[in-house]
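Right, one structure below, let's go through it.
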Amino acid sequence: MLVNRSLAPLRHRQFALLWSGAFISNIGTWMETVGVGILVTERTHTSIWSAIVLVAGFAPGALLGPVGGALADRFSRRRLMLSTTVIQTILAGLLAVLAATTTPHPATVAFIVLCSGCANAIGFPSYMAMLPDLVPEEDLVGAVALSSAQWNLGRVIGPALAGVAIVLGGYAWAFACNTASFFAVIGALLLVRLPPMVTRQQSIPDAIRQGARYTARDPGLRVVVGYMALNTFLAAPFIALIPSMSINVLGAGKAGTSVLTTAQGLGAVVMAFSLGSFAARFGNRRVLISVLWSLPIALALYAIAPTLALSAIALVLVGFLYLGALSSFISIAQLRAPNEVRGRVVSVLQVMLGALYPLGALLQGALADAWGLRVVTAGSGLLMLGLLAVARLTRPNFADALESPAMPFEGAAAGTIEAI
């Protein structure tokens, strides 16, 4: 069955442990995110501090992703992720204590969020690079999709629990729940065992350059990077502009924002539980091409939907297709990248997502103020469709490289690190 195939990665004990721990931690992270947003808004009565806090948590991924990727290919990935998780736990605990004893200044909150974002940016490539060691190759696409599913499920469950925690015990309770949730990841990592990792001792800048060169040399990875750049810059900004669509265009207010956000998450979760089966039946290349060509059309339908109900239905489809594209990019990159450079390849995608997504959101937001959000969203979708058509006409065999053999990694290893 479709769902059974997509859930196959959970049959593997180590992946199930790490996935469950990450899911619990992600719920806590969303509880803190919501709590922090409300806290700084109530303290300052301005929107700028909410934006500052969001940027503080998001920006480190683009800046420190390459460092995290280089470290993931040089040291034990399990131990590196364990270290960054412990740091995040301490920072979350500090925020909970401050909220329980006083009302922390927004600058203090932003600094703690920034430090936690830096730790997450360094640890994330290790998490993604570990997945191929936790499941067999035939289950990797499903494993990546399930990792995206737990993030989207967390964004639905976490905010609801945050509201309950804040009402019952204040912000300190929400932050304390996040602190406790990190122990689920720590416990899982203590039980996970990975195969030995062969690596070359080199400087961090050299390792980053080596990873970038490998990504540029491999034909299949060049396809992934090209398509992901197009998708991230033109399609992904719809996520950041959902509140504007609800409030400014549909007149549905905060309740409408919740409806649309839930609809997008629902579509993403459905794809996450289906992608493994799609990939097994049709192949990674066909699935990726199908969702890439369908996503712009879905975006245009979302842009012209006249009511909240129809917008939500369209957004289910958009979330379904967008998650399919994003998970396909990551899983194909992991399948192609040799273990010795996998962390750095993943970090290249992390940097692209961290840089192009906010840039595209800022540009589309500014254009929407001048031309209207419906026009900009539909126009972005049509532009993406047109660029895909141009690429198809000028380089008809471009996507075939996704099925070509991966380039060998030329970095000679100097020793072995036991990644246990």
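The chains in the structure tokens are called A, B, ... from first to last as shown; in each chain the residues are counted from 1, and the ligands are counted from 1 in the order shown.
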_Distance query A:Asp139 at most 6 Å, only C-alpha atoms, self and fewer than 3 positions along chain excluded, as an MDAnalysis selection string_ = chainID A and resid 9 136 142
With all heavy atoms retained, write the just-selected residues as a CSV table (one decimal), in the first residue's frame.
chain,number,residue,atom,x,y,z
A,9,PRO,N,10.6,3.4,6.4
A,9,PRO,CA,11.8,3.7,7.2
A,9,PRO,C,11.6,3.6,8.7
A,9,PRO,O,12.6,3.3,9.4
A,9,PRO,CB,12.0,5.2,6.8
A,9,PRO,CG,11.4,5.3,5.4
A,9,PRO,CD,10.2,4.4,5.5
A,136,PRO,N,18.3,1.7,4.6
A,136,PRO,CA,18.8,1.3,3.3
A,136,PRO,C,18.4,2.2,2.2
A,136,PRO,O,17.5,3.1,2.4
A,136,PRO,CB,18.2,-0.1,3.1
A,136,PRO,CG,16.9,-0.1,3.9
A,136,PRO,CD,17.2,0.7,5.1
A,142,GLY,N,11.8,8.0,1.5
A,142,GLY,CA,10.8,8.0,2.5
A,142,GLY,C,11.3,8.6,3.8
A,142,GLY,O,10.5,9.3,4.5
Distance query A:Pro159 at most 10 Å, only C-alpha atoms, self and fewer than 5 positions along chain excluded, as a count of residues only | 13
Give the alpha helix (DSSP H) residues of stretch 81-237 of chain A, as DSSP finds them on the backbone, and put them as a ChimeraX atom specification. /A:81-101,106-134,140-169,171-191,204-217,219-230
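Among the candidates A:Ser290, A:Ala235, A:Gly372, A:Leu308, the residue lying nearest to A:Thr257 is A:Leu308 (atoms considered: only C-alpha atoms).
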Next item on the list: Identify which of the residues A:Phe238, A:Phe58, A:Phe329, A:Trp151 lies closest to A:Gln364, counting only C-alpha atoms when measuring atom-to-atom distances.
Entry: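 Checking each candidate against A:Gln364, we get A:Phe238 as the closest.
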Set the distance at 9 Å and use only C-alpha atoms: which residues neighbour stretch 241-249 of chain A once local chain neighbours fewer than 4 positions away are removed? I'd like the list as a list of chain:residue names. A:Pro237, A:Gly253, A:Lys254, A:Ala255, A:Gly256, A:Thr257, A:Ser258, A:Val259, A:Leu260, A:Thr261, A:Ala303, A:Leu308, A:Ala361, A:Gln364, A:Gly365, A:Gly372, A:Leu373, A:Arg374
Could you give me, as CSV, every stretch 189-247 of chain A residue with an atom at most 10 Å from stretch 11-22 of chain A, plus its closest atom pair and distance in Å to one decimal, counting only C-alpha atoms, rows ordered by chain then number?
residue,atom,partner,partner_atom,distance
A:Leu189,CA,A:Leu18,CA,6.8
A:Leu190,CA,A:Leu18,CA,9.9
A:Leu191,CA,A:Gln14,CA,7.7
A:Val192,CA,A:Gln14,CA,5.7
A:Arg193,CA,A:Gln14,CA,7.8
A:Leu194,CA,A:Gln14,CA,9.3
Residues just named, written with N, CA, C and O atoms as an mmCIF file, in the first residue's frame:
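Saved to result-v3.cif:
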data_model
loop_
_atom_site.group_PDB
_atom_site.id
_atom_site.type_symbol
_atom_site.label_atom_id
_atom_site.label_comp_id
_atom_site.auth_asym_id
_atom_site.auth_seq_id
_atom_site.Cartn_x
_atom_site.Cartn_y
_atom_site.Cartn_z
ATOM 1 N N LEU A 189 19.979 9.990 20.389
ATOM 2 C CA LEU A 189 21.365 10.017 19.913
ATOM 3 C C LEU A 189 22.269 9.128 20.760
ATOM 4 O O LEU A 189 23.231 8.536 20.246
ATOM 5 N N LEU A 190 21.989 9.011 22.024
ATOM 6 C CA LEU A 190 22.798 8.145 22.890
ATOM 7 C C LEU A 190 22.625 6.669 22.529
ATOM 8 O O LEU A 190 23.506 5.846 22.811
ATOM 9 N N LEU A 191 21.505 6.343 21.886
ATOM 10 C CA LEU A 191 21.233 4.951 21.513
ATOM 11 C C LEU A 191 21.628 4.623 20.074
ATOM 12 O O LEU A 191 21.721 3.451 19.704
ATOM 13 N N VAL A 192 21.856 5.651 19.258
ATOM 14 C CA VAL A 192 22.175 5.441 17.847
ATOM 15 C C VAL A 192 23.656 5.092 17.686
ATOM 16 O O VAL A 192 24.523 5.650 18.353
ATOM 17 N N ARG A 193 23.938 4.164 16.796
ATOM 18 C CA ARG A 193 25.311 3.796 16.447
ATOM 19 C C ARG A 193 25.478 3.879 14.930
ATOM 20 O O ARG A 193 24.660 3.347 14.181
ATOM 21 N N LEU A 194 26.525 4.555 14.479
ATOM 22 C CA LEU A 194 26.782 4.736 13.056
ATOM 23 C C LEU A 194 28.043 3.988 12.645
ATOM 24 O O LEU A 194 28.922 3.731 13.482
#
Task: Close residues, A:Gly226 itself excluded, 12 Å, only C-alpha atoms, min 3 positions apart in chain, as an NGL selection string - done: :A and (215-216 or 219-223 or 229-233 or 292 or 329 or 348-349 or 352 or 387-388 or 391 or 398-399 or 402)
Can you write just those residues out, N, CA, C and O atoms, as a compact mmCIF listing (two decimals), in the first residue's frame?
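What follows is the written file part_0.txt:
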# COMPACT_ATOMS: atom_id res chain seq x y z
N THR A 215 30.03 19.45 -5.56
CA THR A 215 28.65 19.73 -5.95
C THR A 215 28.59 20.31 -7.36
O THR A 215 27.70 19.97 -8.15
N ALA A 216 29.54 21.17 -7.70
CA ALA A 216 29.57 21.78 -9.03
C ALA A 216 30.00 20.79 -10.11
O ALA A 216 29.57 20.91 -11.26
N PRO A 219 27.17 16.06 -12.33
CA PRO A 219 26.08 16.52 -13.21
C PRO A 219 24.71 16.46 -12.54
O PRO A 219 23.90 17.38 -12.70
N GLY A 220 24.45 15.39 -11.81
CA GLY A 220 23.15 15.27 -11.15
C GLY A 220 22.94 16.32 -10.08
O GLY A 220 21.83 16.87 -9.94
N LEU A 221 23.98 16.63 -9.33
CA LEU A 221 23.86 17.66 -8.30
C LEU A 221 23.67 19.04 -8.92
O LEU A 221 23.00 19.91 -8.35
N ARG A 222 24.27 19.26 -10.09
CA ARG A 222 24.04 20.54 -10.78
C ARG A 222 22.56 20.69 -11.15
O ARG A 222 22.00 21.79 -11.07
N VAL A 223 21.94 19.60 -11.54
CA VAL A 223 20.50 19.64 -11.83
C VAL A 223 19.71 19.98 -10.57
O VAL A 223 18.81 20.82 -10.58
N ALA A 229 17.18 26.16 -6.89
CA ALA A 229 17.28 27.63 -6.90
C ALA A 229 16.01 28.24 -7.48
O ALA A 229 15.46 29.20 -6.93
N LEU A 230 15.54 27.68 -8.57
CA LEU A 230 14.32 28.17 -9.21
C LEU A 230 13.12 28.01 -8.28
O LEU A 230 12.33 28.93 -8.08
N ASN A 231 13.00 26.84 -7.69
CA ASN A 231 11.87 26.53 -6.81
C ASN A 231 11.89 27.39 -5.54
O ASN A 231 10.86 27.92 -5.10
N THR A 232 13.07 27.56 -4.95
CA THR A 232 13.18 28.28 -3.69
C THR A 232 12.92 29.77 -3.87
O THR A 232 12.26 30.40 -3.04
N PHE A 233 13.43 30.35 -4.95
CA PHE A 233 13.30 31.79 -5.16
C PHE A 233 11.91 32.19 -5.63
O PHE A 233 11.39 33.23 -5.21
N LEU A 292 7.63 19.55 -10.03
CA LEU A 292 8.14 20.86 -10.44
C LEU A 292 7.24 21.51 -11.49
O LEU A 292 7.00 22.73 -11.45
N PHE A 329 14.73 17.04 -3.73
CA PHE A 329 16.05 17.67 -3.84
C PHE A 329 17.01 17.06 -2.81
O PHE A 329 18.13 16.67 -3.14
N VAL A 348 25.20 22.83 1.16
CA VAL A 348 25.00 23.70 -0.01
C VAL A 348 23.51 23.96 -0.21
O VAL A 348 23.08 25.10 -0.45
N LEU A 349 22.70 22.91 -0.08
CA LEU A 349 21.26 23.07 -0.21
C LEU A 349 20.70 23.91 0.94
O LEU A 349 19.78 24.71 0.75
N MET A 352 21.36 27.54 0.16
CA MET A 352 20.44 28.01 -0.88
C MET A 352 19.07 28.31 -0.30
O MET A 352 18.46 29.36 -0.57
N LEU A 387 10.28 29.43 -17.23
CA LEU A 387 11.70 29.10 -17.17
C LEU A 387 11.92 27.60 -17.28
O LEU A 387 12.90 27.15 -17.89
N LEU A 388 11.02 26.81 -16.72
CA LEU A 388 11.11 25.35 -16.89
C LEU A 388 10.95 24.97 -18.36
O LEU A 388 11.65 24.09 -18.87
N ALA A 391 14.14 25.90 -20.26
CA ALA A 391 15.18 24.91 -19.97
C ALA A 391 14.92 23.61 -20.74
O ALA A 391 15.85 22.98 -21.25
N PHE A 398 18.70 17.91 -19.94
CA PHE A 398 19.28 18.43 -18.70
C PHE A 398 18.97 17.54 -17.50
O PHE A 398 19.86 17.20 -16.71
N ALA A 399 17.73 17.12 -17.35
CA ALA A 399 17.32 16.33 -16.18
C ALA A 399 17.81 14.89 -16.24
O ALA A 399 17.77 14.19 -15.21
N LEU A 402 20.19 13.29 -13.61
CA LEU A 402 19.75 12.78 -12.31
C LEU A 402 19.89 11.26 -12.22
O LEU A 402 19.99 10.72 -11.13
note - atom CA of A:Leu356 and atom CA of A:Ala62 are separated by 9.3 Å
